[in-house]
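Here's run-v7.tsv, which has TSV, C-alpha atoms and all ligand atoms:
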chain	number	residue	atom	x	y	z
V	14	MET	CA	101.49	89.59	89.85
V	15	LYS	CA	98.56	87.16	89.31
V	16	LYS	CA	99.73	85.21	92.38
V	17	LEU	CA	99.85	88.40	94.46
V	18	PHE	CA	96.36	89.33	93.32
V	19	LEU	CA	95.00	85.89	94.27
V	20	GLU	CA	96.75	86.09	97.65
V	21	LYS	CA	95.16	89.47	98.25
V	22	LEU	CA	91.71	88.21	97.30
V	23	LYS	CA	92.18	85.25	99.64
V	24	LYS	CA	93.03	87.67	102.45
V	25	LEU	CA	89.98	89.80	101.73
V	26	PHE	CA	87.72	86.73	101.82
V	27	HIS	CA	89.50	85.55	104.95
V	28	ASN	CA	88.84	88.87	106.65
V	29	ALA	CA	85.23	88.83	105.50
V	30	TYR	CA	84.91	85.28	106.86
V	31	ARG	CA	86.29	86.42	110.22
V	32	GLY	CA	83.77	89.24	110.28
V	33	ILE	CA	86.23	92.03	109.41
V	34	LYS	CA	84.22	94.22	107.10
V	35	ILE	CA	86.07	95.57	104.08
V	36	THR	CA	84.41	98.51	102.39
V	37	ASN	CA	85.81	99.75	99.13
V	38	LEU	CA	84.97	103.01	97.39
V	39	GLU	CA	82.31	101.47	95.17
V	40	THR	CA	80.52	99.66	98.00
V	41	TYR	CA	80.67	102.83	100.11
V	42	LEU	CA	79.15	104.92	97.30
V	43	ASN	CA	76.44	102.34	96.59
V	44	SER	CA	75.43	102.20	100.23
V	45	THR	CA	75.36	105.97	100.85
V	46	ALA	CA	71.91	107.37	100.15
V	47	ALA	CA	73.08	111.01	99.97
V	48	ILE	CA	75.43	110.22	97.07
V	49	ASP	CA	73.43	109.53	93.94
V	50	HIS	CA	74.41	107.21	91.11
V	51	GLU	CA	75.64	110.07	88.89
V	52	LEU	CA	77.88	111.59	91.56
V	53	SER	CA	79.19	108.09	92.37
V	54	LYS	CA	80.33	107.84	88.76
V	55	VAL	CA	82.29	111.10	89.13
V	56	PHE	CA	84.06	109.77	92.23
V	57	MET	CA	84.78	106.48	90.44
V	58	ALA	CA	86.28	108.40	87.50
V	59	ILE	CA	88.58	110.25	89.92
V	60	ALA	CA	89.59	106.91	91.46
V	61	SER	CA	90.32	105.36	88.09
V	62	GLY	CA	92.41	108.37	87.00
V	63	ALA	CA	94.26	108.30	90.33
V	64	VAL	CA	95.25	104.65	89.87
V	65	THR	CA	96.82	105.54	86.50
V	66	VAL	CA	98.59	108.64	87.85
V	67	GLN	CA	99.85	106.64	90.84
V	68	LYS	CA	101.45	104.14	88.45
V	69	GLN	CA	103.13	106.99	86.59
V	70	VAL	CA	104.37	108.47	89.88
V	71	ASP	CA	105.76	105.07	90.87
V	72	ARG	CA	107.74	104.72	87.65
V	73	LEU	CA	108.82	108.35	87.22
V	74	ASN	CA	112.48	107.87	87.97
V	75	ILE	CA	112.74	104.48	86.29
V	76	ASP	CA	111.17	105.65	83.06
V	77	GLY	CA	112.85	109.07	83.21
V	78	TYR	CA	109.38	110.54	83.18
V	79	PHE	CA	110.13	113.63	85.22
V	80	GLY	CA	111.29	117.13	84.54
V	81	SER	CA	109.90	119.98	82.59
V	82	THR	CA	108.02	119.78	79.29
V	83	GLY	CA	109.70	123.07	78.41
V	84	LYS	CA	106.26	124.72	78.34
V	85	THR	CA	104.66	127.16	80.77
V	86	ASN	CA	101.03	127.06	81.87
V	87	VAL	CA	98.52	129.89	81.78
V	88	GLN	CA	100.04	131.27	84.98
V	89	GLY	CA	103.54	131.32	83.55
V	90	GLU	CA	104.64	128.34	85.67
V	91	GLU	CA	106.80	125.57	84.32
V	92	VAL	CA	104.75	122.53	83.23
V	93	GLN	CA	106.22	119.21	84.38
V	94	LYS	CA	105.72	116.11	82.23
V	95	LEU	CA	103.52	114.62	84.96
V	96	ASP	CA	101.38	117.80	85.08
V	97	GLU	CA	100.62	117.31	81.41
V	98	SER	CA	99.99	113.56	81.51
V	99	GLY	CA	97.97	113.79	84.77
V	100	ASN	CA	95.74	116.38	83.13
V	101	THR	CA	95.14	114.09	80.14
V	102	VAL	CA	94.47	111.07	82.38
V	103	PHE	CA	91.74	112.84	84.38
V	104	ILE	CA	90.21	114.57	81.34
V	105	ASP	CA	89.93	111.15	79.64
V	106	ALA	CA	88.44	109.55	82.77
V	107	PHE	CA	85.88	112.36	83.08
V	108	ARG	CA	84.95	112.16	79.41
V	109	GLU	CA	84.39	108.44	79.73
V	110	CYS	CA	82.25	108.77	82.86
V	111	GLY	CA	79.63	110.78	80.98
V	112	GLN	CA	78.34	112.71	84.00
V	113	ILE	CA	80.62	115.72	83.61
V	114	ALA	CA	79.70	118.57	81.28
V	115	MET	CA	82.78	120.76	81.68
V	116	VAL	CA	86.20	120.76	83.36
V	117	GLY	CA	88.44	123.63	84.44
V	118	SER	CA	92.06	122.71	85.06
V	119	GLU	CA	95.21	124.38	86.26
V	120	GLU	CA	96.81	123.06	83.09
V	121	LEU	CA	94.23	124.44	80.64
V	122	ALA	CA	93.73	128.10	79.77
V	123	GLY	CA	89.99	127.62	79.24
V	124	PRO	CA	87.26	125.06	79.86
V	125	GLU	CA	87.15	121.55	78.42
V	126	ILE	CA	83.57	120.82	77.36
V	127	MET	CA	82.44	117.19	77.32
V	128	GLY	CA	79.48	114.95	78.15
V	129	ASP	CA	75.99	115.44	76.76
V	130	ASP	CA	72.78	117.35	77.52
V	131	SER	CA	72.12	115.27	80.62
V	132	SER	CA	75.63	115.50	82.18
V	133	ARG	CA	75.01	116.97	85.62
V	134	TYR	CA	78.36	118.11	87.01
V	135	LEU	CA	81.18	120.59	86.49
V	136	VAL	CA	84.66	119.93	87.88
V	137	ASN	CA	87.56	122.26	88.61
V	138	MET	CA	90.83	120.43	89.21
V	139	ASP	CA	94.50	120.69	89.90
V	140	PRO	CA	95.45	117.35	88.30
V	141	VAL	CA	98.96	117.28	89.78
V	142	ASP	CA	99.59	119.50	92.78
V	143	GLY	CA	103.11	120.01	94.14
V	144	SER	CA	104.95	119.63	90.82
V	145	SER	CA	108.22	120.92	92.19
V	146	ASN	CA	108.29	117.89	94.51
V	147	ILE	CA	107.83	115.35	91.72
V	148	ASP	CA	111.43	114.37	91.05
V	149	VAL	CA	112.52	114.36	94.71
V	150	ALA	CA	110.15	111.59	95.89
V	151	ILE	CA	108.03	113.85	98.10
V	152	SER	CA	104.25	113.42	98.26
V	153	ILE	CA	102.23	115.11	95.57
V	154	GLY	CA	98.49	115.03	94.86
V	155	SER	CA	95.41	115.86	92.81
V	156	ILE	CA	92.51	118.13	93.86
V	157	PHE	CA	88.91	118.25	92.58
V	158	GLY	CA	85.92	120.50	93.31
V	159	ILE	CA	82.53	119.31	92.01
V	160	TRP	CA	79.73	121.76	91.23
V	161	PRO	CA	76.20	121.00	90.00
V	162	ARG	CA	75.56	122.13	86.44
V	163	ASP	CA	73.09	124.96	86.02
V	164	PHE	CA	71.05	123.73	83.06
V	165	ASN	CA	69.86	127.30	82.39
V	166	SER	CA	73.42	128.49	81.72
V	167	GLN	CA	75.59	128.05	78.64
V	168	LEU	CA	78.57	125.75	78.97
V	169	SER	CA	81.21	128.46	78.99
V	170	GLU	CA	84.03	129.52	81.28
V	171	SER	CA	81.76	131.75	83.37
V	172	ALA	CA	79.75	128.68	84.47
V	173	LEU	CA	82.94	127.23	85.98
V	174	ILE	CA	83.56	130.39	87.98
V	175	SER	CA	81.07	129.80	90.73
V	176	LYS	CA	81.21	130.33	94.49
V	177	GLY	CA	82.81	127.52	96.52
V	178	GLU	CA	79.68	127.38	98.66
V	179	LYS	CA	77.83	125.90	95.67
V	180	GLN	CA	80.08	122.81	95.49
V	181	ILE	CA	78.24	119.61	96.20
V	182	ALA	CA	81.33	117.52	96.76
V	183	ALA	CA	85.11	117.59	96.63
V	184	ALA	CA	87.95	115.10	96.60
V	185	TYR	CA	91.70	114.89	96.67
V	186	VAL	CA	94.33	112.22	96.23
V	187	VAL	CA	97.74	112.05	97.93
V	188	TYR	CA	100.43	110.00	96.18
V	189	GLY	CA	102.63	109.45	99.21
V	190	SER	CA	103.97	106.60	101.32
V	191	SER	CA	100.57	105.18	100.47
V	192	THR	CA	98.04	106.51	97.98
V	193	VAL	CA	94.93	107.87	99.63
V	194	MET	CA	91.77	109.31	98.15
V	195	VAL	CA	89.64	111.52	100.37
V	196	ILE	CA	86.10	112.35	99.38
V	197	ALA	CA	83.81	114.91	100.99
V	198	SER	CA	80.07	115.22	100.49
V	199	LYS	CA	76.94	115.88	102.54
V	200	SER	CA	77.74	112.50	104.09
V	201	GLY	CA	81.00	113.74	105.61
V	202	VAL	CA	84.64	113.04	104.88
V	203	GLN	CA	85.95	109.56	104.09
V	204	SER	CA	89.49	108.45	103.36
V	205	PHE	CA	90.30	105.41	101.22
V	206	THR	CA	93.71	103.77	100.74
V	207	LEU	CA	94.70	102.26	97.41
V	208	ASP	CA	95.31	98.54	97.68
V	209	SER	CA	97.89	98.20	94.95
V	210	ALA	CA	97.32	94.43	94.67
V	211	THR	CA	93.68	94.84	93.66
V	212	GLY	CA	93.61	98.43	92.37
V	213	LEU	CA	90.71	99.13	94.76
V	214	PHE	CA	90.43	102.03	97.19
V	215	VAL	CA	89.59	100.57	100.62
V	216	LEU	CA	87.83	102.67	103.27
V	217	THR	CA	90.47	103.12	105.97
V	218	ASN	CA	89.41	106.30	107.75
V	219	PRO	CA	85.63	106.78	107.86
V	220	ASN	CA	83.80	109.92	108.98
V	221	ILE	CA	86.84	112.11	109.56
V	222	VAL	CA	86.36	114.95	112.01
V	223	LEU	CA	89.20	117.34	112.83
V	224	PRO	CA	90.66	116.61	116.28
V	225	SER	CA	89.69	119.49	118.56
V	226	LYS	CA	93.18	119.61	120.05
V	227	TRP	CA	95.48	120.47	117.18
V	228	LYS	CA	99.22	120.11	116.87
V	229	TYR	CA	100.61	121.58	113.70
V	230	TYR	CA	100.91	124.76	111.70
V	231	SER	CA	102.26	124.85	108.16
V	232	VAL	CA	103.77	127.86	106.42
V	233	ASN	CA	106.70	128.71	104.18
V	234	TYR	CA	108.95	130.68	106.57
V	235	GLY	CA	111.12	131.63	103.60
V	236	ASN	CA	108.51	134.28	102.84
V	237	TRP	CA	108.83	135.88	106.30
V	238	GLU	CA	110.34	139.18	105.14
V	239	GLY	CA	107.43	139.70	102.74
V	240	PHE	CA	104.68	138.93	105.28
V	241	SER	CA	102.63	141.72	106.83
V	242	LYS	CA	103.23	142.57	110.48
V	243	THR	CA	99.89	140.93	111.40
V	244	VAL	CA	100.89	137.64	109.73
V	245	GLN	CA	104.28	137.78	111.46
V	246	ASP	CA	102.54	138.34	114.82
V	247	SER	CA	100.26	135.32	114.21
V	248	LEU	CA	103.28	133.18	113.39
V	249	ILE	CA	105.15	134.30	116.50
V	250	GLU	CA	102.13	133.22	118.54
V	251	LEU	CA	101.79	129.89	116.70
V	252	GLN	CA	105.46	129.01	117.02
V	253	SER	CA	105.41	129.22	120.79
V	254	HIS	CA	102.60	126.62	121.08
V	255	TYR	CA	102.64	124.34	118.04
V	256	SER	CA	104.97	122.30	115.85
V	257	LEU	CA	105.87	123.48	112.37
V	258	ARG	CA	105.38	121.00	109.52
V	259	TYR	CA	105.69	122.09	105.87
V	260	VAL	CA	106.14	119.79	102.90
V	261	GLY	CA	105.41	122.29	100.12
V	262	SER	CA	102.71	120.14	98.51
V	263	LEU	CA	99.35	121.58	99.52
V	264	VAL	CA	97.51	118.25	99.53
V	265	ALA	CA	100.15	116.57	101.70
V	266	ASP	CA	100.24	119.44	104.21
V	267	PHE	CA	96.45	119.57	104.19
V	268	HIS	CA	96.00	115.81	104.67
V	269	ARG	CA	98.34	115.70	107.68
V	270	ASN	CA	96.59	118.64	109.31
V	271	LEU	CA	93.16	117.13	108.60
V	272	LEU	CA	94.04	113.91	110.41
V	273	LYS	CA	96.16	115.37	113.22
V	274	GLY	CA	94.57	118.80	113.54
V	275	GLY	CA	96.28	122.02	112.56
V	276	VAL	CA	96.33	125.03	110.31
V	277	PHE	CA	97.89	125.68	106.90
V	278	LEU	CA	98.76	129.25	105.88
V	279	TYR	CA	99.76	130.65	102.52
V	280	PRO	CA	99.17	134.36	103.10
V	281	GLN	CA	99.87	137.15	100.66
V	282	ASP	CA	103.40	138.49	100.74
V	283	LYS	CA	105.30	141.22	98.92
V	284	SER	CA	106.09	139.01	95.93
V	285	SER	CA	102.57	137.49	95.72
V	286	PRO	CA	100.18	140.26	96.81
V	287	ASN	CA	97.13	138.08	96.03
V	288	GLY	CA	98.58	134.93	97.56
V	289	LYS	CA	99.94	132.03	95.52
V	290	LEU	CA	97.26	129.35	95.63
V	291	ARG	CA	94.35	129.11	93.23
V	292	LEU	CA	90.80	129.77	94.41
V	293	MET	CA	88.80	127.55	92.05
V	294	TYR	CA	90.79	124.32	92.16
V	295	GLU	CA	92.87	124.48	95.36
V	296	ALA	CA	91.28	126.72	98.00
V	297	ASN	CA	87.59	126.00	97.26
V	298	PRO	CA	87.73	122.18	97.15
V	299	LEU	CA	89.92	121.93	100.25
V	300	SER	CA	87.78	124.49	102.11
V	301	TYR	CA	84.76	122.34	101.27
V	302	VAL	CA	86.52	119.26	102.66
V	303	ILE	CA	87.63	121.02	105.84
V	304	LYS	CA	84.14	122.42	106.40
V	305	GLN	CA	82.63	118.92	106.27
V	306	ALA	CA	85.28	117.86	108.83
V	307	GLY	CA	84.36	120.72	111.19
V	308	GLY	CA	86.98	123.32	110.19
V	309	MET	CA	87.13	126.31	107.87
V	310	GLY	CA	89.06	128.14	105.17
V	311	SER	CA	89.59	131.89	104.99
V	312	SER	CA	91.41	134.40	102.80
V	313	GLY	CA	92.02	136.52	105.90
V	314	LEU	CA	89.16	138.80	104.92
V	315	GLU	CA	86.44	136.37	103.85
V	316	ASN	CA	85.40	132.77	104.25
V	317	ILE	CA	86.87	131.09	101.14
V	318	LEU	CA	83.55	129.47	100.22
V	319	ASP	CA	81.85	132.91	100.20
V	320	ILE	CA	84.27	134.56	97.78
V	321	GLU	CA	82.58	135.67	94.55
V	322	PRO	CA	85.16	134.49	92.02
V	323	GLU	CA	86.22	136.62	89.08
V	324	SER	CA	88.35	134.29	87.02
V	325	LEU	CA	89.19	130.62	86.63
V	326	HIS	CA	92.83	130.95	87.57
V	327	GLN	CA	92.43	133.58	90.28
V	328	ARG	CA	94.72	133.37	93.31
V	329	THR	CA	93.85	133.83	96.95
V	330	PRO	CA	95.62	134.04	100.28
V	331	LEU	CA	94.65	130.91	102.24
V	332	ILE	CA	94.33	130.01	105.91
V	333	LEU	CA	92.89	126.51	106.28
V	334	GLY	CA	92.31	124.20	109.22
V	335	ASN	CA	90.78	123.99	112.68
V	336	SER	CA	88.20	126.76	113.04
V	337	ASP	CA	89.60	128.18	116.29
V	338	ALA	CA	93.06	128.44	114.74
V	339	VAL	CA	91.77	130.09	111.56
V	340	LYS	CA	89.56	132.52	113.50
V	341	SER	CA	92.40	133.54	115.78
V	342	ILE	CA	94.71	134.27	112.81
V	343	VAL	CA	91.95	136.12	110.97
V	344	SER	CA	91.23	138.25	114.04
V	345	HIS	CA	94.80	139.60	113.79
V	346	GLU	CA	94.27	140.29	110.07
V	347	LYS	CA	91.18	142.43	110.50
J	401	LIG	P1	104.36	123.63	92.76
J	401	LIG	O1	103.25	122.90	92.02
J	401	LIG	O2	105.07	124.62	91.93
J	401	LIG	O3	105.26	122.66	93.45
J	401	LIG	O4	103.61	124.46	93.86
J	401	LIG	C1	102.94	123.78	94.86
J	401	LIG	C2	101.96	124.69	95.49
J	401	LIG	O5	101.06	125.19	94.54
J	401	LIG	C3	101.22	124.03	96.64
J	401	LIG	O6	101.01	122.67	96.44
J	401	LIG	C4	102.10	124.31	97.83
J	401	LIG	O7	101.40	124.41	99.03
J	401	LIG	C5	102.72	125.65	97.50
J	401	LIG	O8	102.65	125.78	96.08
J	401	LIG	C6	104.15	125.72	97.94
J	401	LIG	O9	104.65	126.94	97.58
J	401	LIG	P2	106.10	127.44	98.09
J	401	LIG	O10	107.10	126.57	97.39
J	401	LIG	O11	106.16	128.86	97.67
J	401	LIG	O12	106.13	127.25	99.58

Mind turning the file's structure into structure tokens?
Amino acid sequence: MKKLFLEKLKKLFHNAYRGIKITNLETYLNSTAAIDHELSKVFMAIASGAVTVQKQVDRLNIDGYFGSTGKTNVQGEEVQKLDESGNTVFIDAFRECGQIAMVGSEELAGPEIMGDDSSRYLVNMDPVDGSSNIDVAISIGSIFGIWPRDFNSQLSESALISKGEKQIAAAYVVYGSSTVMVIASKSGVQSFTLDSATGLFVLTNPNIVLPSKWKYYSVNYGNWEGFSKTVQDSLIELQSHYSLRYVGSLVADFHRNLLKGGVFLYPQDKSSPNGKLRLMYEANPLSYVIKQAGGMGSSGLENILDIEPESLHQRTPLILGNSDAVKSIVSHEK
């Protein structure tokens, strides 16, 4: 392991010597004026948590660390062992970073208060997204929305339930064939790949903008019978022009469509009349990311970022991707 690490360092120096610039997450954050020191610490806490979760994902099958805890979360869904440990990993990383005053999580019924009087940020997260894919070696992920703390408000659940438009940054991690961390801020969207030899996230895809020509649409066709006629009509139109890709882990489907161009749909259907996905820690953060990359997110009736939320674990229908694709689907809906 030590030998591998030294080899990797040698390669990094070699590349630097040859003029190949390597930027890691920390150097990117330090050199980006629009991201202040405090927000940088939040991103670094996400990165450190992600390295730990990635190691757990890697060893899941070997250590037998998969399967259900036997518990259900606040939404009545089965909690996988990794859901529980991922939640603890990120909560601990956020507590240690000191800049976060409160966290909302898919795995917690209410808010987790931390930090001190000067902690400036609130985070809503889905610590492990795509749980049902955990034990079948399909990509899973983590999602984070970051809101500024309102120092005039009490630290209570209602402060976490704030419009997506007020986010100042968002991030997600995909634990896939490689581990990537994507961050979005006023400075755009950047993707970093985890170098497992050094434990550093290296900038591999700077300033991501959605390709204007898009290829893919993503939807669970198993829900067809429950879709409204307008959703069915949109899908009939999409299927004659675009390729279907659906993994069933939101972050993985989202990441592919972000890089290749496309649209993700999880509309309401008869069995989930309000949609399945969660507004505060799935739809809002990813709508923030897609907006910075030139796209948009919609519930079919409203821009996701404009929705006035009512509860921490509220669900929403979601249409997310290239703006022209989203607008065309929404125009059928209205
Ligand atoms: P799980 O966490 O239960 O695997 O759900 C994943 C998810 O919340 C999201 O990541 C997927 O996009 C969506 O649900 C998949 O839902 P379907 O299995 O109903 O298609």

**Item:** All residues 7 Å or closer to Met127 of chain V, only C-alpha atoms, same chain fewer than 2 positions away omitted, as a VMD selection string
**Value:** chain V and resid 108 113 to 115 125 129

**Asked** Which chains and residue numbers are within 8 Å of ligand LIG 401 (chain J), counting only C-alpha atoms and all ligand atoms, if I want them as a list of chain:residue names?
**Response** V:Glu90, V:Glu91, V:Val141, V:Asp142, V:Gly143, V:Ser144, V:Ser145, V:Asn146, V:Ile147, V:Ile153, V:Val232, V:Asn233, V:Gly235, V:Asn236, V:Val260, V:Gly261, V:Ser262, V:Leu263, V:Val264, V:Asp266, V:Tyr279, V:Lys289, V:Leu290, V:Arg291

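Comparing the minimum interatomic distances between Val202 of chain V and each of V:Lys283, V:Lys304, V:His50, V:His254, counting all atoms listed in the file, we find that V:Lys304 sits nearest.
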
List as a PDB file with C-alpha atoms, in the frame of the given file the residues having at least one atom at most 9 Å from position (106.5, 137.1, 98.7) as given in the file, counting all atoms listed in the file.
ATOM      1  CA  GLY V 235     111.120 131.630 103.600  1.00  0.00           C
ATOM      2  CA  ASN V 236     108.510 134.280 102.840  1.00  0.00           C
ATOM      3  CA  TRP V 237     108.830 135.880 106.300  1.00  0.00           C
ATOM      4  CA  GLU V 238     110.340 139.180 105.140  1.00  0.00           C
ATOM      5  CA  GLY V 239     107.430 139.700 102.740  1.00  0.00           C
ATOM      6  CA  PHE V 240     104.680 138.930 105.280  1.00  0.00           C
ATOM      7  CA  PRO V 280      99.170 134.360 103.100  1.00  0.00           C
ATOM      8  CA  GLN V 281      99.870 137.150 100.660  1.00  0.00           C
ATOM      9  CA  ASP V 282     103.400 138.490 100.740  1.00  0.00           C
ATOM     10  CA  LYS V 283     105.300 141.220  98.920  1.00  0.00           C
ATOM     11  CA  SER V 284     106.090 139.010  95.930  1.00  0.00           C
ATOM     12  CA  SER V 285     102.570 137.490  95.720  1.00  0.00           C
ATOM     13  CA  PRO V 286     100.180 140.260  96.810  1.00  0.00           C
ATOM     14  CA  GLY V 288      98.580 134.930  97.560  1.00  0.00           C
ATOM     15  CA  LYS V 289      99.940 132.030  95.520  1.00  0.00           C
TER      16      LYS V 289
END

**Message:** List as a VMD selection string the protein and nucleic acid residues near Gly80 of chain V, meaning an atom at most 9 Å away when all atoms listed in the file are counted, but skip any in the same chain fewer than 2 places from it.
**Reply:** chain V and resid 77 to 78 82 to 83 92 to 95 147 to 148

**Computed interatomic separation between atom CA of Val102 of chain V and atom CA of Gly117 of chain V (Å)** = 14.1 Å

**Message:** Excluding Thr192 of chain V and its own-chain neighbours fewer than 4 positions away, which residues fall within 7 Å of it when counting all atoms listed in the file? Please give them as a VMD selection string.
**Reply:** chain V and resid 187 to 188 206 to 207

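Residues in contact with segment 35-48 of chain V at up to 6 Å, not including ones fewer than 3 positions away on its chain and judged by all atoms listed in the file, are Ser53, Phe214, Val215 and Leu216 of chain V.
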
**Message:** My list of candidates is V:Ser169, V:Leu271, V:Ser256, V:Glu120. Which is closest to Gln203 of chain V when distances are computed with only C-alpha atoms?
**Reply:** V:Leu271

Might you pull out every residue within 9 Å of Val186 of chain V, with only C-alpha atoms counted and same-chain residues fewer than 6 positions away left off, and present them as an mmCIF file with C-alpha atoms, keeping the file's coordinate frame?
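This is the output file part_29.cif:
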data_model
loop_
_atom_site.group_PDB
_atom_site.id
_atom_site.type_symbol
_atom_site.label_atom_id
_atom_site.label_comp_id
_atom_site.auth_asym_id
_atom_site.auth_seq_id
_atom_site.Cartn_x
_atom_site.Cartn_y
_atom_site.Cartn_z
ATOM 1 C CA ILE V 59 88.580 110.250 89.920
ATOM 2 C CA ALA V 60 89.590 106.910 91.460
ATOM 3 C CA ALA V 63 94.260 108.300 90.330
ATOM 4 C CA ILE V 153 102.230 115.110 95.570
ATOM 5 C CA GLY V 154 98.490 115.030 94.860
ATOM 6 C CA SER V 155 95.410 115.860 92.810
ATOM 7 C CA ILE V 156 92.510 118.130 93.860
ATOM 8 C CA PHE V 157 88.910 118.250 92.580
ATOM 9 C CA THR V 192 98.040 106.510 97.980
ATOM 10 C CA VAL V 193 94.930 107.870 99.630
ATOM 11 C CA MET V 194 91.770 109.310 98.150
ATOM 12 C CA VAL V 195 89.640 111.520 100.370
ATOM 13 C CA ILE V 196 86.100 112.350 99.380
ATOM 14 C CA VAL V 264 97.510 118.250 99.530
#

**Message:** Let me make sure I understand: among V:Val87, V:Ile332, V:Ile159, V:Leu121, which one has the smallest atom-to-atom distance to Val276 of chain V if we use all atoms listed in the file?
**Reply:** V:Ile332

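Atom CA of Val244 of chain V is positioned 7.7 Å from atom CA of Ile342 of chain V.
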
**Prompt:** Which of these residues is nearest to Ser225 of chain V, using all atoms listed in the file: V:Lys273, V:Lys34, V:Val64, V:Pro330?
**Reply:**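 Selected residue with least distance to Ser225 of chain V: V:Lys273.
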
**Request:** Could you tell me how far atom CA of Ile75 of chain V lies from atom CA of Tyr259 of chain V, in Å and to one decimal?
**Result:**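 It comes out at 27.3 Å.
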
If I put a ball of radius 10 Å at (80.9, 109.0, 88.1) in the file's coordinates, which residues poke into it when counting all atoms listed in the file, written as a short mmCIF file (atom, residue, chain, number, x, y, z; two decimals) with C-alpha atoms, keeping the file's coordinate frame?
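Final file, selection_19.cif:
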data_model
loop_
_atom_site.label_atom_id
_atom_site.label_comp_id
_atom_site.auth_asym_id
_atom_site.auth_seq_id
_atom_site.Cartn_x
_atom_site.Cartn_y
_atom_site.Cartn_z
CA ASP V 49 73.43 109.53 93.94
CA HIS V 50 74.41 107.21 91.11
CA GLU V 51 75.64 110.07 88.89
CA LEU V 52 77.88 111.59 91.56
CA SER V 53 79.19 108.09 92.37
CA LYS V 54 80.33 107.84 88.76
CA VAL V 55 82.29 111.10 89.13
CA PHE V 56 84.06 109.77 92.23
CA MET V 57 84.78 106.48 90.44
CA ALA V 58 86.28 108.40 87.50
CA ILE V 59 88.58 110.25 89.92
CA ALA V 60 89.59 106.91 91.46
CA ALA V 106 88.44 109.55 82.77
CA PHE V 107 85.88 112.36 83.08
CA GLU V 109 84.39 108.44 79.73
CA CYS V 110 82.25 108.77 82.86
CA GLY V 111 79.63 110.78 80.98
CA GLN V 112 78.34 112.71 84.00
CA ILE V 113 80.62 115.72 83.61
CA TYR V 134 78.36 118.11 87.01
#

Padding of 8 Å on every side, edges along x, y and z, all listed atoms of segment 151-164 of chain V included: what centre and edge lengths in Å, to one decimal, does that box have, as JSON?
{"center_x": 89.5, "center_y": 119.2, "center_z": 90.7, "size_x": 53.0, "size_y": 27.5, "size_z": 31.2}

**Prompt:** In terms of the shortest atom-to-atom distance over only C-alpha atoms, which of V:Glu321, V:Ile303, V:Pro140, V:Ser171 is closest to Thr101 of chain V?
**Reply:** V:Pro140

**Request:** Using all atoms listed in the file, find the one residue out of V:Gln88, V:Val136, V:Leu299, V:Asn220 that sits nearest to Gln327 of chain V.
**Result:**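 With all atoms listed in the file as the atom set, the closest residue is V:Gln88.
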